[in-house]
Amino acid sequence: MTPAIDASVFVPPAWQSISEAHQRIAPRIHRTPVLTCASLDKIAGAALYFKCENLQKTGSFKIRGAANAILSLTDQEASRGIITHSSGNHGAAVACAAGWRNIPAWIVMPENCSAIKCRAVESYGGKIIFCEPTVSARAAAAAKIQSETGAMMIHPYDNDLIIAGQATAAKELLEDFPQIEAVLAPVSGGGLLSGSCLGAKGVAPSVRIFGCEPSRADDAYRSMTTGTLQTQEASDTIADGLRASLAPRTFAILRQQLERILLVSEEEIVAATRLIWERMKMIVEPSSAIALAPLLQPSGVASLFGSREGSTTHSSGKAQIGIILSGGNVDLSVFRFE
């Protein structure tokens with residue numbers, strides 16, 4: 001299992017670790033495109049740059065961390081196989097990366113997870129073990145399988161190698177568009193968001209990072225506002241990839257580097273998802289579209305830059321905002337095409 005940490009003395013993955021992770025995984029993953037959309041710029045009143053991890057291998061950013069962690073294992077460690085727990089995207093990424101090393105992967109998944117995400121895990125050769133849809137049930141089932149198999153635990157987010165791998169998405173975004181002043185990313189267990197803090201600020205130290213979270217799964221918001229790590233056993237949000245809780249590592253990084261968490265209603269998540277589908281002609285998950293949703297609220301850009309209507313540092317007069325579209329694994333069986 002992932003060792004416990006003392007958050008008061010925890011040192012996040014260094015820039016060298018992130019750079020090494022990027023070199024390690026670059027031959028295996030896509031450097032995903034950054035797209036813009038004039039109509040969404042107009043709606044938001046800002047210049048938006050969408051980092052399209054929905055076009056990443058396995059359909060989400062998760063392959064970055066999984067590849068870094070699994071490719072870093074020694075041959076002896078890898079020979080024991082991999083165990084993890086996941087609501088879907090991390091499981092598919094772990095199964096894929098395990099396949100690159102020809103080792104088995106056991107994936108503990110909640111029994112209410114998306115059918116398409118289950119099929120994705122199986123298509124990459126992962127062996128699914130279902131559990132009750134709670135955080136504690138996931139951890140218990142994974143611990144049981146690990147004790148039986150001796151497999152290496154690759155935690156979805158409470159792992160330095162995972163965080164360093166996830167950091168490469170924001171690193172690429174700021175390398176390509178260094179004028180970006182703020183980055184919005186979804187938050188669940190915090191691997192992507194904490195990695196985004198490290199990756200973006202490693203390129204542009206003054207950039208502001210914001211997390212976007214469903215109001216129905218607001219444990220990260222409560223953690224940040226109280227200063228004490230909060231958990232949430234279960235949630236019924238449409239953003240099915242955002243039902244985990246922060247871990248000690250991710251919480252420690254966010255307390256140091258995050259601006260704040262922006263809460264979004266279910267209706268706002270749906271509206272943001274629909275806008276991206278309609279205006280950008282891209283399939284993204286609700287868990288991904290949530291990163292656009294705060295900019296559609298009445299406070300919009302002002303919620304990021306305080307009393308200003310936007311940033312005045314760019315020659316265009318518009319705030320320059322990066323949005324990480326974390327994944328695109330949507331179950332299309334809910335739609336009727338006949």
# chains A, B, ... in the order shown; residues from 1 in each chain; ligands from 1
>>> residues_around(residues="Val284 in chain A", least_positions_apart="4", cutoff="8 Å", atoms="only C-alpha atoms", output="ChimeraX atom specification")
/A:54,273,276-277,288-289,325,327-330
>>> residues_around(residues="Gly199 in chain A", least_positions_apart="4", cutoff="6 Å", atoms="only C-alpha atoms", output="list in words")
Ala167, Thr168, Ala170, Lys171 and Gly195 of chain A
>>> write_last_selection(atoms="C-alpha atoms", output="mmCIF file, in the first residue's frame")
data_model
loop_
_atom_site.group_PDB
_atom_site.id
_atom_site.type_symbol
_atom_site.label_atom_id
_atom_site.label_comp_id
_atom_site.auth_asym_id
_atom_site.auth_seq_id
_atom_site.Cartn_x
_atom_site.Cartn_y
_atom_site.Cartn_z
ATOM 1 C CA ALA A 167 1.669 17.022 -14.112
ATOM 2 C CA THR A 168 2.861 16.610 -17.694
ATOM 3 C CA ALA A 170 -0.383 21.146 -17.614
ATOM 4 C CA LYS A 171 3.340 21.295 -18.364
ATOM 5 C CA GLY A 195 -0.155 17.625 -10.823
#
>>> closest_atom_pairs(of="range 191-237 of chain A", to="range 252-263 of chain A", cutoff="7 Å", atoms="only C-alpha atoms", output="tab-separated table")
residue	atom	partner	partner_atom	distance
A:Ser194	CA	A:Leu254	CA	5.8
A:Cys197	CA	A:Gln257	CA	6.2
A:Arg208	CA	A:Glu259	CA	6.3
A:Ile209	CA	A:Leu258	CA	5.5
A:Phe210	CA	A:Arg260	CA	5.5
A:Gly211	CA	A:Ile261	CA	4.6
A:Cys212	CA	A:Leu262	CA	4.9
A:Glu213	CA	A:Leu263	CA	5.1
A:Pro214	CA	A:Leu263	CA	5.7
A:Ser215	CA	A:Leu263	CA	5.3
A:Tyr221	CA	A:Ile261	CA	5.4
A:Met224	CA	A:Arg255	CA	6.8
>>> closest_atom_pairs(of="range 167-209 of chain A", to="range 31-36 of chain A", cutoff="9 Å", atoms="only C-alpha atoms", output="JSON lines")
{"residue": "A:Ala169", "atom": "CA", "partner": "A:Arg31", "partner_atom": "CA", "distance": 8.3}
{"residue": "A:Glu172", "atom": "CA", "partner": "A:Arg31", "partner_atom": "CA", "distance": 7.6}
{"residue": "A:Leu173", "atom": "CA", "partner": "A:Val34", "partner_atom": "CA", "distance": 7.2}
{"residue": "A:Asp176", "atom": "CA", "partner": "A:Val34", "partner_atom": "CA", "distance": 8.2}
{"residue": "A:Phe177", "atom": "CA", "partner": "A:Val34", "partner_atom": "CA", "distance": 8.9}
>>> select_by_dssp(residues="range 141-198 of chain A", states="helix (DSSP H, G or I)", output="PyMOL selection string")
chain A and resi 141-149+160-176+191-198
>>> write_last_selection(atoms="C-alpha atoms", output="CSV table (one decimal), in the first residue's frame")
chain,number,residue,atom,x,y,z
A,141,ALA,CA,-11.2,-4.9,-1.8
A,142,ALA,CA,-7.8,-3.8,-3.3
A,143,ALA,CA,-6.0,-4.6,-0.1
A,144,LYS,CA,-7.5,-8.1,-0.1
A,145,ILE,CA,-6.5,-8.8,-3.7
A,146,GLN,CA,-3.0,-7.4,-3.0
A,147,SER,CA,-2.6,-9.7,0.0
A,148,GLU,CA,-3.6,-12.7,-2.1
A,149,THR,CA,-1.5,-12.0,-5.2
A,160,ASP,CA,4.3,10.6,-6.3
A,161,LEU,CA,4.9,8.8,-9.6
A,162,ILE,CA,1.2,9.2,-10.5
A,163,ILE,CA,1.2,12.9,-9.6
A,164,ALA,CA,4.4,13.5,-11.6
A,165,GLY,CA,2.9,11.8,-14.6
A,166,GLN,CA,-0.4,13.8,-14.4
A,167,ALA,CA,1.7,17.0,-14.1
A,168,THR,CA,2.9,16.6,-17.7
A,169,ALA,CA,-0.5,17.7,-19.1
A,170,ALA,CA,-0.4,21.1,-17.6
A,171,LYS,CA,3.3,21.3,-18.4
A,172,GLU,CA,2.6,20.8,-22.1
A,173,LEU,CA,-0.3,23.3,-21.9
A,174,LEU,CA,1.9,26.1,-20.5
A,175,GLU,CA,4.8,25.2,-22.8
A,176,ASP,CA,2.6,25.7,-25.8
A,191,GLY,CA,-3.9,13.6,-8.8
A,192,LEU,CA,-4.7,15.7,-11.9
A,193,LEU,CA,-5.3,18.9,-9.9
A,194,SER,CA,-2.1,18.6,-7.8
A,195,GLY,CA,-0.2,17.6,-10.8
A,196,SER,CA,-1.6,20.6,-12.7
A,197,CYS,CA,-0.3,22.9,-9.9
A,198,LEU,CA,3.2,21.5,-10.2
>>> residues_around(residues="Ala44 in chain A", least_positions_apart="2", cutoff="8 Å", atoms="only C-alpha atoms", output="JSON, numbers by chain")
{"A": [40, 41, 42, 46, 295, 296, 300, 301]}
>>> select_by_dssp(residues="range 54-133 of chain A", states="strand (DSSP E or B)", output="compact mmCIF listing (two decimals) with C-alpha atoms, in the first residue's frame")
# COMPACT_ATOMS: atom_id res chain seq x y z
CA SER A 60 -8.16 10.30 -20.58
CA ILE A 82 -0.54 -4.59 -10.58
CA ILE A 83 -3.52 -3.94 -8.32
CA THR A 84 -5.50 -0.71 -8.21
CA HIS A 85 -8.99 0.64 -7.63
CA ALA A 105 -3.54 -6.07 -13.71
CA TRP A 106 -6.38 -6.45 -11.19
CA ILE A 107 -8.80 -3.52 -11.17
CA VAL A 108 -11.26 -3.03 -8.30
CA MET A 109 -14.27 -1.07 -9.60
CA PRO A 110 -17.55 0.06 -7.99
CA LYS A 127 -9.24 -8.27 -14.53
CA ILE A 128 -12.18 -6.53 -12.85
CA ILE A 129 -13.25 -7.15 -9.26
CA PHE A 130 -16.48 -5.34 -8.40
CA CYS A 131 -17.18 -3.82 -4.99
>>> closest_atom_pairs(of="range 67-110 of chain A", to="range 232-251 of chain A", cutoff="10 Å", atoms="only C-alpha atoms", output="tab-separated table")
residue	atom	partner	partner_atom	distance
A:Ser86	CA	A:Gly241	CA	8.8
A:Ser87	CA	A:Gly241	CA	6.1
A:Gly88	CA	A:Gly241	CA	7.4
A:Asn89	CA	A:Gly241	CA	7.7
A:His90	CA	A:Gly241	CA	9.5
>>> atom_distance(atom1="CA of Tyr124 in chain A", atom2="CA of Gly99 in chain A")
6.9 Å
>>> residues_around(residues="Arg24 in chain A", least_positions_apart="2", cutoff="9 Å", atoms="only C-alpha atoms", output="list in words")
Ser19, Glu20, Ala21, His22, Ala26, Pro27, Arg28, Ala67, Asn68, Leu71 and Ser72 of chain A
>>> write_last_selection(atoms="C-alpha atoms", output="tab-separated table (two decimals), in the first residue's frame")
chain	number	residue	atom	x	y	z
A	19	SER	CA	10.67	16.28	-16.47
A	20	GLU	CA	11.93	12.71	-16.12
A	21	ALA	CA	8.35	11.45	-16.12
A	22	HIS	CA	7.68	13.38	-19.33
A	26	ALA	CA	6.50	10.66	-24.17
A	27	PRO	CA	7.16	7.74	-26.57
A	28	ARG	CA	4.01	5.99	-25.32
A	67	ALA	CA	2.50	4.86	-17.58
A	68	ASN	CA	4.99	6.74	-15.41
A	71	LEU	CA	7.27	1.95	-16.50
A	72	SER	CA	9.25	2.95	-13.38
>>> decode(residues="range 16-166 of chain A", atoms="C-alpha atoms", output="compact mmCIF listing (two decimals), in the first residue's frame")
# COMPACT_ATOMS: atom_id res chain seq x y z
CA GLN A 16 13.22 17.12 -12.20
CA SER A 17 10.87 14.23 -11.40
CA ILE A 18 8.19 15.74 -13.64
CA SER A 19 10.67 16.28 -16.47
CA GLU A 20 11.93 12.71 -16.12
CA ALA A 21 8.35 11.45 -16.12
CA HIS A 22 7.68 13.38 -19.33
CA GLN A 23 10.73 11.87 -21.01
CA ARG A 24 9.76 8.39 -19.81
CA ILE A 25 6.17 8.46 -21.07
CA ALA A 26 6.50 10.66 -24.17
CA PRO A 27 7.16 7.74 -26.57
CA ARG A 28 4.01 5.99 -25.32
CA ILE A 29 1.42 8.77 -25.13
CA HIS A 30 0.03 11.58 -27.28
CA ARG A 31 1.04 15.19 -26.86
CA THR A 32 -2.60 16.16 -27.03
CA PRO A 33 -3.73 19.22 -28.98
CA VAL A 34 -4.80 22.51 -27.42
CA LEU A 35 -7.94 23.76 -29.16
CA THR A 36 -9.79 27.06 -29.08
CA CYS A 37 -13.42 27.94 -29.80
CA ALA A 38 -14.48 31.50 -30.70
CA SER A 39 -18.09 30.96 -29.63
CA LEU A 40 -17.09 29.69 -26.19
CA ASP A 41 -14.64 32.58 -25.85
CA LYS A 42 -17.54 34.95 -26.46
CA ILE A 43 -19.77 33.21 -23.92
CA ALA A 44 -17.05 33.17 -21.26
CA GLY A 45 -15.66 36.62 -22.05
CA ALA A 46 -12.13 35.22 -22.09
CA ALA A 47 -9.62 33.52 -24.37
CA LEU A 48 -9.93 29.81 -23.61
CA TYR A 49 -7.35 27.12 -24.37
CA PHE A 50 -8.67 23.56 -24.11
CA LYS A 51 -6.06 20.86 -23.40
CA CYS A 52 -7.76 17.88 -25.02
CA GLU A 53 -6.93 14.88 -22.85
CA ASN A 54 -10.17 13.36 -24.09
CA LEU A 55 -8.06 12.60 -27.20
CA GLN A 56 -5.35 10.92 -25.13
CA LYS A 57 -4.62 7.19 -25.29
CA THR A 58 -7.24 5.24 -23.28
CA GLY A 59 -9.44 8.35 -23.57
CA SER A 60 -8.16 10.30 -20.58
CA PHE A 61 -5.17 11.91 -18.87
CA LYS A 62 -4.88 8.88 -16.59
CA ILE A 63 -2.45 7.09 -18.92
CA ARG A 64 0.18 9.72 -18.08
CA GLY A 65 0.40 8.78 -14.41
CA ALA A 66 -0.20 5.08 -14.93
CA ALA A 67 2.50 4.86 -17.58
CA ASN A 68 4.99 6.74 -15.41
CA ALA A 69 4.33 4.55 -12.39
CA ILE A 70 4.33 1.21 -14.20
CA LEU A 71 7.27 1.95 -16.50
CA SER A 72 9.25 2.95 -13.38
CA LEU A 73 8.88 -0.47 -11.74
CA THR A 74 11.83 -2.81 -11.64
CA ASP A 75 11.42 -6.13 -13.45
CA GLN A 76 11.10 -7.88 -10.08
CA GLU A 77 8.38 -5.50 -8.90
CA ALA A 78 6.52 -5.70 -12.20
CA SER A 79 6.58 -9.50 -12.25
CA ARG A 80 4.10 -9.54 -9.36
CA GLY A 81 1.46 -7.72 -11.40
CA ILE A 82 -0.54 -4.59 -10.58
CA ILE A 83 -3.52 -3.94 -8.32
CA THR A 84 -5.50 -0.71 -8.21
CA HIS A 85 -8.99 0.64 -7.63
CA SER A 86 -10.78 2.97 -10.01
CA SER A 87 -14.11 4.32 -11.21
CA GLY A 88 -12.93 3.53 -14.73
CA ASN A 89 -10.37 5.75 -16.44
CA HIS A 90 -7.44 4.99 -14.13
CA GLY A 91 -8.30 1.30 -14.36
CA ALA A 92 -8.17 1.36 -18.15
CA ALA A 93 -4.87 3.26 -18.07
CA VAL A 94 -3.32 0.81 -15.60
CA ALA A 95 -4.51 -2.16 -17.65
CA CYS A 96 -3.06 -0.60 -20.80
CA ALA A 97 0.31 0.23 -19.24
CA ALA A 98 0.48 -3.21 -17.59
CA GLY A 99 -0.08 -4.68 -21.05
CA TRP A 100 2.98 -2.82 -22.32
CA ARG A 101 5.00 -4.75 -19.75
CA ASN A 102 3.12 -8.02 -20.25
CA ILE A 103 2.06 -8.25 -16.62
CA PRO A 104 -1.39 -8.88 -15.08
CA ALA A 105 -3.54 -6.07 -13.71
CA TRP A 106 -6.38 -6.45 -11.19
CA ILE A 107 -8.80 -3.52 -11.17
CA VAL A 108 -11.26 -3.03 -8.30
CA MET A 109 -14.27 -1.07 -9.60
CA PRO A 110 -17.55 0.06 -7.99
CA GLU A 111 -20.53 -1.98 -9.09
CA ASN A 112 -22.30 1.14 -10.39
CA CYS A 113 -19.49 2.25 -12.70
CA SER A 114 -20.12 3.00 -16.36
CA ALA A 115 -20.45 -0.05 -18.61
CA ILE A 116 -18.22 1.50 -21.25
CA LYS A 117 -15.46 2.03 -18.70
CA CYS A 118 -15.72 -1.60 -17.61
CA ARG A 119 -15.45 -2.73 -21.24
CA ALA A 120 -12.42 -0.49 -21.72
CA VAL A 121 -10.62 -2.07 -18.75
CA GLU A 122 -11.35 -5.55 -20.08
CA SER A 123 -10.29 -4.62 -23.61
CA TYR A 124 -6.82 -3.77 -22.29
CA GLY A 125 -6.62 -7.08 -20.45
CA GLY A 126 -7.52 -5.89 -16.95
CA LYS A 127 -9.24 -8.27 -14.53
CA ILE A 128 -12.18 -6.53 -12.85
CA ILE A 129 -13.25 -7.15 -9.26
CA PHE A 130 -16.48 -5.34 -8.40
CA CYS A 131 -17.18 -3.82 -4.99
CA GLU A 132 -19.74 -1.63 -3.28
CA PRO A 133 -19.70 1.99 -4.52
CA THR A 134 -17.92 3.50 -1.52
CA VAL A 135 -14.37 4.73 -1.01
CA SER A 136 -13.72 2.37 1.89
CA ALA A 137 -15.04 -0.65 -0.04
CA ARG A 138 -12.67 0.07 -2.91
CA ALA A 139 -9.67 0.28 -0.60
CA ALA A 140 -10.64 -2.87 1.30
CA ALA A 141 -11.16 -4.93 -1.85
CA ALA A 142 -7.84 -3.76 -3.30
CA ALA A 143 -6.02 -4.62 -0.08
CA LYS A 144 -7.53 -8.12 -0.12
CA ILE A 145 -6.45 -8.79 -3.70
CA GLN A 146 -2.98 -7.43 -2.98
CA SER A 147 -2.56 -9.74 0.02
CA GLU A 148 -3.63 -12.72 -2.09
CA THR A 149 -1.50 -11.96 -5.16
CA GLY A 150 1.43 -9.91 -3.91
CA ALA A 151 0.72 -7.43 -6.72
CA MET A 152 2.10 -3.90 -6.63
CA MET A 153 -0.43 -1.27 -5.60
CA ILE A 154 -0.63 1.64 -8.04
CA HIS A 155 -2.84 4.07 -6.15
CA PRO A 156 -4.95 6.28 -8.45
CA TYR A 157 -3.63 9.51 -6.95
CA ASP A 158 -1.85 9.12 -3.59
CA ASN A 159 1.41 8.28 -5.34
CA ASP A 160 4.31 10.57 -6.29
CA LEU A 161 4.89 8.85 -9.64
CA ILE A 162 1.22 9.19 -10.55
CA ILE A 163 1.21 12.89 -9.63
CA ALA A 164 4.40 13.54 -11.61
CA GLY A 165 2.89 11.85 -14.64
CA GLN A 166 -0.36 13.80 -14.41
